[in-house]
file entry_28.txt (compact mmCIF, C-alpha atoms and all ligand atoms)
# COMPACT_ATOMS: atom_id res chain seq x y z
CA MET A 1 115.75 114.76 101.88
CA SER A 2 119.40 115.47 101.26
CA GLU A 3 120.73 114.27 97.93
CA GLU A 4 123.33 112.22 99.79
CA LEU A 5 120.74 110.35 101.87
CA ARG A 6 118.52 109.84 98.80
CA ARG A 7 121.44 108.22 96.97
CA ALA A 8 122.41 106.13 99.98
CA LEU A 9 118.83 104.84 100.26
CA GLU A 10 118.63 104.08 96.56
CA ASP A 11 121.89 102.11 96.70
CA GLU A 12 120.85 100.29 99.86
CA LEU A 13 117.46 99.33 98.46
CA ALA A 14 118.50 98.70 94.85
CA ASP A 15 118.22 94.93 95.24
CA ARG A 16 114.90 95.04 97.06
CA ARG A 17 112.01 94.67 94.65
CA SER A 18 109.12 97.02 95.27
CA ALA A 19 106.71 94.12 94.70
CA VAL A 20 108.26 92.43 97.75
CA LEU A 21 108.39 95.59 99.87
CA ALA A 22 104.87 96.87 99.05
CA PRO A 23 102.98 94.33 101.22
CA VAL A 24 105.45 94.90 104.08
CA VAL A 25 104.88 98.66 103.77
CA GLU A 26 101.13 98.00 103.84
CA ARG A 27 101.46 95.93 107.03
CA LEU A 28 103.74 98.47 108.76
CA SER A 29 101.48 101.42 107.77
CA ALA A 30 98.45 99.61 109.19
CA ARG A 31 100.34 98.92 112.43
CA TYR A 32 101.48 102.54 112.80
CA ARG A 33 97.97 103.83 111.99
CA GLU A 34 96.50 101.55 114.63
CA GLY A 35 98.94 102.99 117.21
CA GLY A 36 99.33 101.61 120.73
CA ALA A 37 102.34 100.33 122.61
CA ALA A 38 104.33 97.52 121.00
CA SER A 39 105.01 94.56 123.28
CA THR A 40 107.40 93.12 120.69
CA PRO A 41 109.51 95.08 118.18
CA ILE A 42 107.56 96.15 115.08
CA LEU A 43 110.65 96.20 112.86
CA ARG A 44 111.83 92.59 113.08
CA THR A 45 113.09 91.38 109.71
CA ALA A 46 115.47 92.78 107.12
CA ALA A 47 112.43 93.37 104.86
CA ASP A 48 110.74 95.36 107.66
CA ALA A 49 113.84 97.55 107.99
CA SER A 50 114.05 98.09 104.22
CA ALA A 51 110.35 98.90 103.94
CA TYR A 52 110.65 101.35 106.86
CA ALA A 53 113.67 103.02 105.29
CA ALA A 54 111.92 103.28 101.91
CA TYR A 55 108.62 104.78 102.99
CA ARG A 56 109.16 106.34 106.43
CA MET A 57 112.74 107.52 106.57
CA PRO A 58 112.29 110.37 104.04
CA ALA A 59 109.31 111.60 106.06
CA THR A 60 110.90 111.32 109.52
CA TRP A 61 114.03 112.98 108.10
CA ALA A 62 111.89 115.90 106.84
CA ALA A 63 110.15 116.29 110.21
CA LEU A 64 113.46 116.20 112.09
CA ARG A 65 115.13 118.61 109.70
CA HIS A 66 112.34 121.10 110.39
CA VAL A 67 112.40 120.54 114.15
CA LEU A 68 116.18 120.73 114.55
CA GLY A 69 116.23 123.75 112.22
CA GLU A 70 113.77 125.53 114.52
CA ALA A 71 115.87 124.58 117.55
CA ALA A 72 119.01 125.97 115.90
CA ALA A 73 117.20 129.16 114.81
CA GLN A 74 115.84 129.74 118.29
CA ARG A 75 119.07 128.88 120.08
CA PRO A 76 121.86 130.07 117.73
CA GLY A 77 124.40 129.52 120.52
CA LEU A 78 123.79 125.77 120.50
CA ALA A 79 126.82 124.08 119.01
CA PRO A 80 126.37 120.45 120.00
CA ARG A 81 129.27 118.04 119.62
CA THR A 82 127.46 114.87 120.68
CA LEU A 83 124.01 113.52 119.84
CA LEU A 84 122.08 110.54 121.17
CA ASP A 85 119.16 109.23 119.10
CA VAL A 86 116.90 107.11 121.30
CA GLY A 87 114.90 104.47 119.40
CA GLY A 88 116.74 105.72 116.35
CA GLY A 89 115.65 102.98 113.95
CA THR A 90 117.42 103.49 110.64
CA GLY A 91 118.98 106.76 111.85
CA ALA A 92 117.00 109.51 110.09
CA ALA A 93 117.73 111.91 112.96
CA LEU A 94 121.48 111.59 112.50
CA TRP A 95 121.29 112.76 108.89
CA ALA A 96 119.06 115.69 109.81
CA ALA A 97 121.30 116.58 112.76
CA VAL A 98 124.61 116.80 110.88
CA GLU A 99 122.93 118.98 108.30
CA THR A 100 121.65 121.27 111.07
CA TRP A 101 124.84 121.21 113.16
CA PRO A 102 127.83 120.24 110.97
CA GLY A 103 130.08 120.54 114.05
CA LEU A 104 128.67 117.32 115.54
CA SER A 105 131.49 114.89 116.11
CA ALA A 106 130.00 111.86 117.88
CA LEU A 107 126.62 110.26 117.20
CA THR A 108 125.10 107.38 119.14
CA VAL A 109 121.89 105.49 118.37
CA PHE A 110 120.14 103.48 121.08
CA GLU A 111 117.91 100.95 119.35
CA GLN A 112 116.43 97.51 119.99
CA ALA A 113 115.84 96.31 116.41
CA GLU A 114 118.87 94.54 115.01
CA GLN A 115 117.91 94.77 111.33
CA ALA A 116 116.96 98.45 111.49
CA SER A 117 120.27 99.18 113.24
CA ALA A 118 122.23 97.20 110.66
CA LEU A 119 120.56 99.04 107.78
CA GLY A 120 120.99 102.42 109.48
CA ALA A 121 124.67 101.70 110.13
CA ARG A 122 125.25 100.74 106.47
CA LEU A 123 123.61 103.96 105.29
CA ALA A 124 125.60 106.08 107.75
CA ARG A 125 128.90 104.49 106.76
CA SER A 126 128.33 105.69 103.18
CA ALA A 127 128.03 109.35 104.25
CA GLU A 128 130.65 112.03 103.85
CA HIS A 129 130.29 113.52 107.32
CA PRO A 130 132.84 111.83 109.61
CA ALA A 131 130.44 111.74 112.55
CA LEU A 132 127.88 109.83 110.47
CA ARG A 133 130.51 107.44 109.18
CA SER A 134 131.62 106.65 112.72
CA ALA A 135 128.16 106.64 114.34
CA ARG A 136 127.80 104.07 117.10
CA TRP A 137 124.71 101.83 117.27
CA VAL A 138 124.03 100.55 120.80
CA ARG A 139 121.61 97.61 120.91
CA GLY A 140 119.29 97.93 123.87
CA VAL A 141 115.68 97.81 124.98
CA LEU A 142 114.33 100.87 126.77
CA GLY A 143 113.02 99.85 130.18
CA PRO A 144 112.26 101.45 133.54
CA THR A 145 115.90 101.27 134.68
CA THR A 146 117.69 101.93 131.37
CA THR A 147 120.58 104.34 131.65
CA LEU A 148 121.45 106.26 128.49
CA PRO A 149 124.81 107.73 127.53
CA GLU A 150 125.26 111.48 128.01
CA ALA A 151 124.98 113.78 125.00
CA ASP A 152 124.59 117.46 124.18
CA VAL A 153 121.37 116.71 122.27
CA ALA A 154 119.07 113.70 122.67
CA THR A 155 116.33 112.98 120.14
CA LEU A 156 113.30 110.70 120.51
CA SER A 157 111.37 110.65 117.27
CA TYR A 158 108.27 108.58 116.57
CA VAL A 159 109.05 106.34 119.56
CA LEU A 160 106.87 107.45 122.50
CA GLY A 161 103.74 105.92 120.96
CA GLU A 162 105.40 102.50 120.88
CA LEU A 163 106.23 102.63 124.59
CA ALA A 164 103.86 101.46 127.30
CA GLU A 165 102.47 104.52 129.08
CA PRO A 166 104.37 104.26 132.40
CA LEU A 167 107.64 103.89 130.49
CA ARG A 168 107.18 107.15 128.57
CA ASP A 169 107.80 109.35 131.63
CA LYS A 170 110.82 107.27 132.63
CA VAL A 171 112.42 107.67 129.22
CA ILE A 172 111.77 111.44 129.22
CA ASP A 173 113.26 111.69 132.73
CA GLU A 174 116.33 109.74 131.65
CA MET A 175 116.78 111.96 128.57
CA HIS A 176 116.44 114.99 130.85
CA ARG A 177 119.18 113.54 133.06
CA VAL A 178 121.66 112.90 130.26
CA ALA A 179 121.17 115.67 127.69
CA ASP A 180 121.32 119.47 127.62
CA THR A 181 118.79 119.61 124.79
CA VAL A 182 115.90 117.14 124.58
CA VAL A 183 113.95 116.79 121.33
CA VAL A 184 110.70 114.82 121.16
CA VAL A 185 108.83 114.31 117.88
CA GLU A 186 105.59 112.39 117.38
CA PRO A 187 103.10 111.99 114.53
CA GLY A 188 100.93 115.09 114.06
CA THR A 189 97.80 113.36 115.34
CA PRO A 190 95.74 114.11 118.47
CA GLY A 191 97.45 111.15 120.18
CA GLY A 192 100.95 112.23 119.11
CA TYR A 193 100.22 115.77 120.32
CA ARG A 194 99.02 114.51 123.72
CA ARG A 195 102.21 112.49 124.16
CA VAL A 196 104.36 115.48 123.23
CA LEU A 197 102.35 117.67 125.61
CA ALA A 198 102.93 115.22 128.47
CA ALA A 199 106.67 115.22 127.70
CA ARG A 200 106.67 119.04 127.49
CA ASP A 201 104.93 119.39 130.86
CA ARG A 202 107.40 117.00 132.43
CA LEU A 203 110.45 118.77 131.01
CA ILE A 204 109.14 122.18 132.12
CA ALA A 205 108.38 120.83 135.59
CA ALA A 206 112.02 119.66 135.70
CA GLY A 207 113.10 123.28 135.12
CA ARG A 208 113.66 123.34 131.37
CA SER A 209 113.01 126.07 128.87
CA VAL A 210 111.08 125.39 125.66
CA ALA A 211 113.12 126.43 122.62
CA ALA A 212 110.45 125.44 120.08
CA PRO A 213 107.71 125.43 119.02
CA CYS A 214 106.08 127.12 122.04
CA PRO A 215 107.03 130.76 122.65
CA HIS A 216 106.42 130.26 126.41
CA GLU A 217 106.43 127.72 129.20
CA ALA A 218 102.82 128.39 130.19
CA ALA A 219 100.08 125.78 129.79
CA CYS A 220 99.32 124.93 126.17
CA PRO A 221 96.35 127.10 125.13
CA ILE A 222 95.12 124.62 122.52
CA ALA A 223 91.99 122.98 123.80
CA GLY A 224 89.00 120.98 122.70
CA ALA A 225 89.26 118.89 119.57
CA ASP A 226 92.25 120.82 118.22
CA TRP A 227 95.90 119.78 118.43
CA CYS A 228 99.23 121.51 117.86
CA HIS A 229 101.05 120.12 114.85
CA PHE A 230 103.15 121.18 111.89
CA ALA A 231 103.96 119.88 108.42
CA ALA A 232 107.03 119.28 106.29
CA ARG A 233 106.99 118.70 102.55
CA VAL A 234 108.52 115.36 101.57
CA SER A 235 109.60 114.78 97.98
CA ARG A 236 108.87 111.18 97.14
CA THR A 237 111.59 109.13 95.55
CA SER A 238 110.55 106.78 92.74
CA LEU A 239 111.00 103.88 95.14
CA HIS A 240 108.72 105.61 97.63
CA ARG A 241 106.09 106.03 94.91
CA GLN A 242 106.37 102.35 93.98
CA VAL A 243 106.09 100.97 97.52
CA LYS A 244 103.27 103.35 98.44
CA SER A 245 101.58 102.96 95.04
CA GLY A 246 101.04 106.72 95.01
CA THR A 247 101.32 109.03 92.06
CA LEU A 248 101.98 112.40 93.69
CA GLY A 249 105.57 113.64 93.68
CA HIS A 250 105.31 114.76 97.28
CA GLU A 251 103.44 114.37 100.53
CA ASP A 252 103.16 116.42 103.69
CA GLU A 253 104.46 114.81 106.85
CA LYS A 254 102.52 116.06 109.88
CA PHE A 255 104.21 116.03 113.25
CA SER A 256 104.05 117.43 116.80
CA TYR A 257 107.21 118.26 118.67
CA VAL A 258 108.98 119.93 121.56
CA VAL A 259 112.58 121.02 122.01
CA ALA A 260 113.53 121.73 125.63
CA THR A 261 116.88 123.08 126.76
CA ARG A 262 118.44 122.94 130.21
CA ALA A 263 119.64 126.54 129.91
CA ALA A 264 117.01 129.24 129.71
CA GLY A 265 116.89 131.04 126.39
CA PRO A 266 114.84 133.52 124.40
CA HIS A 267 111.49 132.57 122.90
CA ALA A 268 110.04 133.31 119.50
CA GLY A 269 107.59 136.24 119.73
CA SER A 270 104.77 133.98 118.55
CA ARG A 271 104.48 130.80 116.50
CA VAL A 272 102.27 130.42 113.41
CA LEU A 273 99.92 127.49 113.99
CA ARG A 274 98.11 127.16 110.65
CA HIS A 275 98.62 127.78 106.97
CA PRO A 276 98.27 131.58 106.79
CA LEU A 277 95.11 132.69 105.02
CA ARG A 278 96.17 135.04 102.25
CA ARG A 279 93.54 137.31 100.72
CA LYS A 280 93.83 140.39 98.62
CA GLY A 281 95.70 142.98 100.68
CA MET A 282 95.67 140.98 103.91
CA VAL A 283 97.07 137.92 105.62
CA GLN A 284 95.38 136.22 108.54
CA LEU A 285 97.61 134.35 110.98
CA ARG A 286 96.63 132.11 113.84
CA VAL A 287 99.48 132.31 116.34
CA CYS A 288 100.43 130.96 119.72
CA ALA A 289 101.61 134.13 121.46
CA GLY A 290 104.38 134.65 123.99
CA ASP A 291 101.86 135.29 126.77
CA GLY A 292 100.48 131.78 126.30
CA GLU A 293 97.32 132.82 124.42
CA LEU A 294 96.06 131.91 120.95
CA ARG A 295 95.46 134.90 118.69
CA ASP A 296 94.17 135.52 115.19
CA ARG A 297 96.22 138.35 113.74
CA VAL A 298 95.11 140.17 110.61
CA VAL A 299 98.00 141.89 108.87
CA SER A 300 96.96 144.32 106.17
CA LYS A 301 98.71 146.35 103.53
CA ARG A 302 98.20 149.38 105.72
CA ASP A 303 101.18 148.12 107.73
CA PRO A 304 103.62 147.58 104.81
CA ASP A 305 106.55 146.11 106.78
CA ALA A 306 104.42 143.62 108.67
CA TYR A 307 102.48 142.80 105.49
CA ARG A 308 105.66 142.04 103.55
CA ALA A 309 106.81 139.73 106.38
CA ALA A 310 103.37 138.10 106.64
CA ARG A 311 103.34 137.29 102.90
CA ASP A 312 106.45 135.15 103.38
CA VAL A 313 105.64 133.53 106.69
CA GLU A 314 104.65 129.85 106.74
CA TRP A 315 102.87 127.47 109.09
CA GLY A 316 105.36 126.60 111.85
CA ASP A 317 107.46 129.76 111.51
CA PRO A 318 108.08 132.19 114.35
CA TRP A 319 106.21 135.51 114.10
CA PRO A 320 107.16 138.26 113.73
C1 LIG B 401 108.63 104.33 114.31
S1 LIG B 401 110.30 103.87 114.59
C2 LIG B 401 111.12 105.46 114.58
C3 LIG B 401 112.55 105.33 114.15
C4 LIG B 401 113.32 106.64 114.05
N1 LIG B 401 113.41 107.29 115.33
C5 LIG B 401 112.70 107.56 113.04
O1 LIG B 401 112.25 108.66 113.43
O2 LIG B 401 112.65 107.24 111.86
C6 LIG B 401 110.31 103.48 116.32
C7 LIG B 401 111.66 102.94 116.75
O3 LIG B 401 111.71 102.87 118.17
C8 LIG B 401 112.31 101.64 118.51
N2 LIG B 401 111.80 101.25 119.83
C9 LIG B 401 110.52 101.13 120.22
N3 LIG B 401 110.45 100.68 121.49
C10 LIG B 401 111.72 100.53 121.91
C11 LIG B 401 112.30 100.09 123.12
N4 LIG B 401 111.53 99.73 124.16
N5 LIG B 401 113.65 100.04 123.21
C12 LIG B 401 114.43 100.43 122.17
N6 LIG B 401 113.95 100.84 120.98
C13 LIG B 401 112.60 100.90 120.85
C14 LIG B 401 111.81 100.69 117.43
O4 LIG B 401 112.58 99.50 117.37
C15 LIG B 401 111.90 101.55 116.19
O5 LIG B 401 113.15 101.48 115.58

call {"tool": "encode", "arguments": {"input": "entry_28.txt", "output": "structure tokens", "more": "lines below"}}
Ligand SMILES: C[S@@+](CC[C@H](N)C(=O)[O-])C[C@H]1O[C@@H](n2cnc3c(N)ncnc32)[C@H](O)[C@@H]1O
result
Amino acid sequence: MSEELRRALEDELADRRSAVLAPVVERLSARYREGGAASTPILRTAADASAYAAYRMPATWAALRHVLGEAAAQRPGLAPRTLLDVGGGTGAALWAAVETWPGLSALTVFEQAEQASALGARLARSAEHPALRSARWVRGVLGPTTTLPEADVATLSYVLGELAEPLRDKVIDEMHRVADTVVVVEPGTPGGYRRVLAARDRLIAAGRSVAAPCPHEAACPIAGADWCHFAARVSRTSLHRQVKSGTLGHEDEKFSYVVATRAAGPHAGSRVLRHPLRRKGMVQLRVCAGDGELRDRVVSKRDPDAYRAARDVEWGDPWP
């Protein structure tokens, strides 16, 4: 998490005692683990918003920073000025977005939860980036006839799972209508992956190109009990450790995602789908290849250039 966001969170939450937040965190974690559409907002009270910001925002920020970073790497010509964060909660995506694209000048969050919006707006106002300071929070409930404001990039992170199934397609269609680049992030679980896959299929059927993670627009080759997901390292703040009663200094946030652009663009050659297996003199990579197939590539010292590259490559990176 950026130092600026870490400080903003610490200041925001300084008066909230971890003993008060811990049971709220417990309740929210159980609700998110259980999954399923939410018929009423999950983040209702000021304590809910604080607990969410304390234990989830660093993780959703890390996932988004990775995802937007991959989008920017794959589409270096993207220079978005406007961003719409749908179901933006406390606004993690905004912080990740201005770090990825400092040229952003207008940020809008569409969100139903008043307390999460209020907290997110307070955090954003403390930022240095002018677009964050002037971010606009629009209160609204996503429904079958919702119209969203236009934007260069629209993000939907950790929201699809809270929507009733028929509404998911409508929201994806509306994001497709209003934004050049559509970004969907879900938890890195089989269910999150299936929701991302449904969104991906829909965006491709509408004529879009996948910027990341897939190096193709063909059917996803992952089958059976497996699911496509990635991980981002999250450094825990002391507050995070207190509310989650954990001792480790970090955790890995697992997520599934898709970035789809209206304009066609180049694909990564392949995408690394697992932690590379590194053995003496060789690296084994499981990749999703540009022809839409899964491959296990063994790179050995006998190919020194490839081997050097393979030693540095990480889960989630493009290859070569
Ligand atoms: C798990 S939070 C994710 C927040 C934020 N996007 C993030 O990544 O940290 C889900 C958010 O979606 C919002 N949400 C869920 N259903 C919604 C709906 N029908 N209309 C508007 N917002 C909704 C919730 O209020 C909540 O803030």

call {"tool": "residues_near_point", "arguments": {"input": "entry_28.txt", "point": "(114.2, 122.3, 113.1)", "cutoff": "10 Å", "atoms": "all atoms listed in the file", "output": "list of chain:residue names"}}
result
A:Ala62, A:Ala63, A:Leu64, A:Arg65, A:His66, A:Val67, A:Leu68, A:Gly69, A:Glu70, A:Ala71, A:Ala72, A:Ala73, A:Gln74, A:Ala96, A:Ala97, A:Thr100, A:Val183, A:Ala212, A:Pro213, A:Tyr257, A:Val259, A:Gly316

call {"tool": "closest_residue", "arguments": {"input": "entry_28.txt", "among": "A:Ala118, A:Val243, A:Ala199, A:Val234", "to": "A:Arg27", "atoms": "all atoms listed in the file"}}
result
A:Val243

call {"tool": "closest_residue", "arguments": {"input": "entry_28.txt", "among": "A:Ala127, A:Ala218, A:Leu197, A:Val185", "to": "A:Arg7", "atoms": "all atoms listed in the file"}}
result
A:Ala127

call {"tool": "atom_distance", "arguments": {"input": "entry_28.txt", "atom1": "atom CA of A:Ala206", "atom2": "atom CA of A:Trp319"}}
result
27.4 Å

call {"tool": "closest_residue", "arguments": {"input": "entry_28.txt", "among": "A:Lys244, A:Arg136, A:Arg33, A:Arg44", "to": "A:Thr82", "atoms": "all atoms listed in the file"}}
result
A:Arg136

call {"tool": "residues_around", "arguments": {"input": "entry_28.txt", "residues": "A:Trp61", "least_positions_apart": "6", "cutoff": "7 Å", "atoms": "only C-alpha atoms", "output": "list in words"}}
result
Met1, Ala92, Ala93 and Ala96 of chain A
